[in-house]
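Data block below; observations after.
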Amino acid sequence: MAERAPLLNYRLCVAPEAGSSRGPVKKLSTFFGVVVPTLLSMFSVVLFLRIGFVVGQAGLYQTILMFLVAYLIISMTVLSVCAISTNGALDAGGAYYMISRALGPEFGGSIGVMFFFANVCGSALYVLGLVESIVDIFGLPPGQTTKSGIQVLPHSYWYEILYGTVILAFCLLVCLVGADIYAKASFIIFMIVIVVLVTIFISFFTIAPKAINITVTSGNNTEFREGLFTGFNLSTLKNNLPSKYVDDYTTGVVMSFAAVFAVMFNGCTGIMAGSNMSGDLRNPSYSIPRGTITAVIFTYIIYNILSLMVSCTCDRFLLQNNYGFLEDINIWRPFVIIGVYSSTLSAAMSTLIGASRILYALAKDDIFDKLLLPAKKTSQGGNPWAAVLISWMLVQLVLFTGKLNTIAGIVTIFFLLVYAAVDLACLALEWASAPNFRPTFHYFTWHTCVLGIIGCGIMMFLISPIYASSSIAFMLILMLVLHYISPSSSWGYISQALIFHQVRKYLLMLDVRKDHVKFWRPQILLMVANPRTSTQLISFTNDLKKSGLYVLGHVQKGNLDEMPSDPLQAQYDSWLSLVDALNVKSFVSLTLSDSVRHGVQHLLFISGLGGMRPNTLILGFYDDCVSEDGLQQIPAFSDNSSINSDQDSSLPPHFPPVRHHSSPKALSSREYVGIISDSIKMLKNVCLARYFNQLNKANLFNHKNCEVSIDVWPLNPLRPDSTNYVDTCSLFLLQMACILNMVRSWKKAKLCIFLCVEAGNSAGEHARKLKQLLGQLRIKGSIKTLHWDSVAALHWHKKMPQGSNDEDNFVNNYPSNSMKISNDYLIAVNKMILEQDTHPAIRFLYLPRPPADIAVHERYLEQLDILSRDLGPTLLIHGISAVFSTDL
């Protein structure tokens with residue numbers, strides 16, 4: 001008999017899920033499309049074959065508690081399903097569609113694959129369960145060759161496969177016709193189940209008390225005992241109130257609260273059956289919440305009433321040793337058998353059609369690119385017949401395993417994982433506080449979502465910790481695979497909404513009044529005139545930012561009043577493509593202005609938010625060097641295919657060509673120095689980058705015979721009489737060099753600090769103090785002491801004769817002392833720097849403050865040009881921020 005089948009077959013069965021077909025007309029009502037599939041899924045075979053087991057082992061008190069806890073768990077998920085389903089139009093795919101549209105293709109695709117395989121294995125499981133039940137009743141007993149009574153079916157492995165194939169072929173035919181015929185078949189089965197259920201309730205009142213023969217096997221001994229159906233009896237009720245856990249007679253395993261709860265919980269799942277019909281409903285947003293909640297309430301009431309009636313009428317021995325006792329006490333025995341067959345057949349059909357609809361949704365979304373292309377084919381009525389055939393073939397393959405006890409456990413956990421994912425999707429939408437998340441179903445909060453996730457997680461590990469861990473690991477692997485192979489989607493990513501929500505909250509908490517020098521970091525605005533000539537500098541600045549804010553700024557000259565639209569909007573995607581191609585972590589800020597200087601002022605004023613604002617401006621050096629197109633060296637820009645699929649050319653169209661050396665510059669030298677002055681007035685540190693087109697990080701550290709260094713020259717070259725190495729700007733130089741040396745790709749470089757002293761000054765004392773300072777600042781670097789008397793002697797006031805015409809010209813035209821420095825001195829300083837054999841990868845030089853007099857700005861640039869000429873990659877830095885602290 002079916003009731004004598006091992007407990008594991010039913011204990012780990014999964015509630016079936018109804019599928020959905022995608023047709024041009026959504027024609028199923030709430031009752032046929034949601035209520036009927038959900039009721040059949042939640043009743044399943046547990047209603048007929050395991051209600052006595054639960055009461056007999058756990059007692060009435062704990063049975064009521066189990067149903068209360070189980071329905072509390074699934075009710076939390078039901079609330080999430082109702083919320084998501086009423087927040088917009090639903091298409092085919094049910095839970096997969098909800099999760100993928102809320103959490104993105106990676107998470108939704110991985111859950112969809114698991115949901116698909118769960119339905120495939122579940123369909124095979126129910127078919128095998130139905131075959132086993134048929135064979136138990138109509139099959140020839142082992143060793144018997146003659147037919148007797150109704151036992152006429154041959155019984156062997158291949159015959160069982162044949163019976164399963166025939167049943168599965170019937171399910172296939174129903175699913176190939178479409179959702180309409182499936183709904184009608186489900187309704188017929190639903191009516192049969194309701195009739196059987198009514199006869200069960202009638203039987204409790206009409207059948208006279210009687211004894212039922214039970215065969216009890218203990219080891220090699222077999223004995224016949226009697227279980228009592230007492231009718232409504234107070235003594236029977238009292239005996240069935242407490243729990244009494246004993247061995248399960250089908251498996252020999254001692255039961256416990258957790259084991260019985262796991263069996264019972266399978267009869268409470270199936271809540272997604274109506275949601276999976278979303279593609280075939282007239283009004284999914286109306287039908288899903290009403291139909292699902294109706295089915296949940298109805299099944300909860302039926303389970304509790306049936307448990308109470310069983311407790312009042314059947315003694316505990318009968319409940320513990322005969323799971324098919326409802327058949328023995330029914331007014332007509334075949335009623336229960338018909339109910340078992342009908343519910344199992346319905347479960348097999350619904351999981352098959354559910355698997356096909358999920359596969360079709362995955363194929364339609366191109367989650368696996370062209371791998372699932374055949375599953376997209378549909379009939380004229382919109383029925384995905386190709387997906388049905390593929391699902392049928394997979395179910396047929398699973399049938400050859402014969403028994404699915406092992407698979408059944410992980411299938412159940414797959415469904416629970418899907419339920420938890422739906423709760424997570426709803427929780428993410430609620431926490432993101434997105435204005436467009438406005439479900440018409442309001443009876444949920446983030447607390448219900450969290451409770452649903454926790455409940456499903458507990459149930460997963462309660463059923464099987466190994467299967468639960470394996471399924472989660474499988475899901476994570478799928479997520480990683482889909483992250484790399486799935487195409488970009490336009491569904492909207494909840495991660496972006498959550499990030500926005502959290503970033504806004506933390507930006508408000510990032511109070512600039514609480515800034516401390518201990519936690520200072522560079523927050524950089526790099527001004528880029530043309531990305532084609534700045535790729536090396538962009539990549540280098542990414543190393544220099546030390547996890548700080550990094551903004552790529554660009555100014556386009558123009559007047560918006562004279563333009564039909566903002567020209568920068570069309571350029572933005574190209575800049576983002578550049579950021580992706582260079583693999584830098586930066587933002588992009590573009591502005592339109594009447595001049596470059598005003599545009600830089602705008603960006604310095606408006607870039608960033610709250611405590612995340614640029615504190616350092618980096619500019620390319622103002623010189624006449626011939627520019628090279630660095631984008632041609634980047635594979636993403638030099639391929640024939642574009643970064644953006646909608647572009648035809650390999651280069652982004654909004655980057656202008658490289659400026660010819662004879663073409664005029666976009667800004668004058670005075671405007672350039674004005675930008676430096678403006679930045680310092682706004683309390684921004686300034687860096688001028690020169691010769692960075694010569695920087696090649698790939699080959700920088702490949703030379704085994706020489707040690708690459710980062711050279712730091714912390715002395716102001718325009719004030720050689722100053723021996724102060726610990727002013728704010730010098731310390732800023734040290735900090736920036738130290739930050740670069742902390743980057744993984746620059747750790748092999750040796751930090752080298754040059755100390756320039758004159759005769760008469762204690763070189764040893766200066767070196768000792770500088771070494772002590774480096775120790776206090778935790779900077780590892782070597783100190784090189786240089787005697788530069790011959791260079792310092794070339795300073796103009798030491799070299800230029802008093803009263804000469806040259807002196808008068810300098811005093812009259814260049815009133816600032818720094819402007820009176822001769823070119824010979826600057827050439828000597830430049831030569832001294834070049835003569836150091838430290839093999840520098842980059843040099844950090846002190847950038848003097850620009851003069852206030854606009855008339856000497858060109859002379860200022862000339863001095864910087866002479867000072868840094870032919871030095872290779874060089875960063876001239878003027879720092880005004882306090883960046884060091886010796887405190888813990």
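A note on labels: chains of the structure tokens are A, B, ... as shown, every chain counts residues from 1, and ligands are counted from 1 in their shown order.
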Can you list, as an MDAnalysis selection string, every residue of stretch 378-570 of chain A that DSSP puts in alpha helix (DSSP H)? chainID A and resid 385:399 405:432 446:463 465:485 494:509 535:544 568:570
Using DSSP on the backbone coordinates, identify the residues of stretch 102-297 of chain A assigned to strand (DSSP E or B); present them as number ranges by chain. A: 139, 148, 151, 153, 210-218, 221-229, 247, 254, 281
Write out as a ChimeraX atom specification the residues lying within 9 Å of stretch 158-172 of chain A, counting only C-alpha atoms and excluding same-chain residues fewer than 5 positions away. /A:123-124,127-128,130-132,135,153,177,345-346,348-350,352-353,388-389,392,395-396,399-400,402
Which neighbours of A:Ile293 fall inside 10 Å, counting only C-alpha atoms, when residues of the same chain fewer than 3 positions from it are skipped, and could you give them as a list in words? Val34, Val35, Thr38, Ser75, Val78, Leu79, Cys82, Ile271, Ser287, Ile288, Pro289, Arg290, Val296, Ile297 and Phe298 of chain A
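The shortest atom-to-atom distance to A:Gln151, with only C-alpha atoms taken into account, belongs to A:Ile134 out of A:Leu731, A:Ile134, A:Ile675, A:Ile194.
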Near-A:Ser547 list (10 Å; only C-alpha atoms; drop same-chain fewer than 3 positions) as a tab-separated table (two decimals) with C-alpha atoms, in the first residue's frame:
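Writing the result to out-v8.tsv gives the following:
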chain	number	residue	atom	x	y	z
A	521	ARG	CA	43.88	61.41	3.01
A	522	PRO	CA	44.28	63.04	-0.41
A	523	GLN	CA	40.99	63.77	-2.15
A	542	ASN	CA	44.66	56.53	-9.01
A	543	ASP	CA	47.68	55.15	-7.10
A	544	LEU	CA	48.21	58.44	-5.32
A	550	TYR	CA	39.23	60.84	-6.94
A	585	LYS	CA	38.28	54.23	-9.11
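Residues with any atom within 7 Å of stretch 785-796 of chain A, counting only C-alpha atoms and excluding same-chain neighbours fewer than 6 positions away, are Pro720, Phe754, Leu755, Cys756, Val757, Glu758, Ala759, Lys820, Ile821, Ser822, Asp824, Tyr825, Ala828 and Val829 of chain A.
For the choices A:Ala259, A:Leu308, A:Ile842, A:Leu864, the atom-to-atom distance to A:Asn830 is smallest for A:Leu864 when using only C-alpha atoms.
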For stretch 538-642 of chain A against stretch 869-885 of chain A, with a cut-off of 12 Å and counting only C-alpha atoms, what is the closest atom pair and its distance in Å to one decimal for every residue that makes the cut, ordered by chain and number, as a Markdown table?
| residue | atom | partner | partner_atom | distance |
| --- | --- | --- | --- | --- |
| A:Phe540 | CA | A:Pro873 | CA | 10.4 |
| A:Thr541 | CA | A:Leu875 | CA | 10.8 |
| A:Leu544 | CA | A:Leu875 | CA | 11.3 |
| A:Asn615 | CA | A:Ser881 | CA | 8.3 |
| A:Thr616 | CA | A:Gly879 | CA | 8.4 |
| A:Leu617 | CA | A:Ile877 | CA | 9.8 |
| A:Ile618 | CA | A:Ile877 | CA | 9.0 |
| A:Leu619 | CA | A:Leu875 | CA | 9.7 |
| A:Gly620 | CA | A:Leu875 | CA | 9.5 |
| A:Phe621 | CA | A:Leu876 | CA | 9.2 |
| A:Tyr622 | CA | A:Arg869 | CA | 11.9 |
| A:Asp623 | CA | A:Arg869 | CA | 10.0 |
| A:Asp624 | CA | A:Arg869 | CA | 11.6 |
| A:Cys625 | CA | A:Arg869 | CA | 10.8 |
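Computed from the coordinates, the atom CA of A:Asn233 to atom CA of A:Gln320 distance equals 18.3 Å.
Residue nearest A:Arg357 within the list A:Trp520, A:Trp446, A:Phe205, A:Phe116: A:Phe116 [criterion: smallest interatomic distance, only C-alpha atoms].
Using only C-alpha atoms, the smallest distance between any of A:Gly354, A:Phe317, A:Phe138, A:Asp865 and A:Ala179 comes from A:Gly354.
Nearest residue to A:Ile212 among A:Leu773, A:Val673, A:Leu319, A:Ala58 is A:Leu319, counting only C-alpha atoms.
Restricting the calculation to only C-alpha atoms, the smallest distance between A:Asn283 and any of A:Gly252, A:Gly382, A:Gly88, A:Gly129 is found for A:Gly88.
Going from atom CA of A:Thr269 to atom CA of A:Met42 covers 5.6 Å.
If you look at atom CA of A:Ala83 and atom CA of A:Asp180, they are 26.4 Å away from each other.
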Which neighbours of stretch 594-608 of chain A fall inside 7 Å, counting only C-alpha atoms, when residues of the same chain fewer than 6 positions from it are skipped, and could you give them as number ranges by chain? A: 555, 557-559, 614, 667, 671, 675
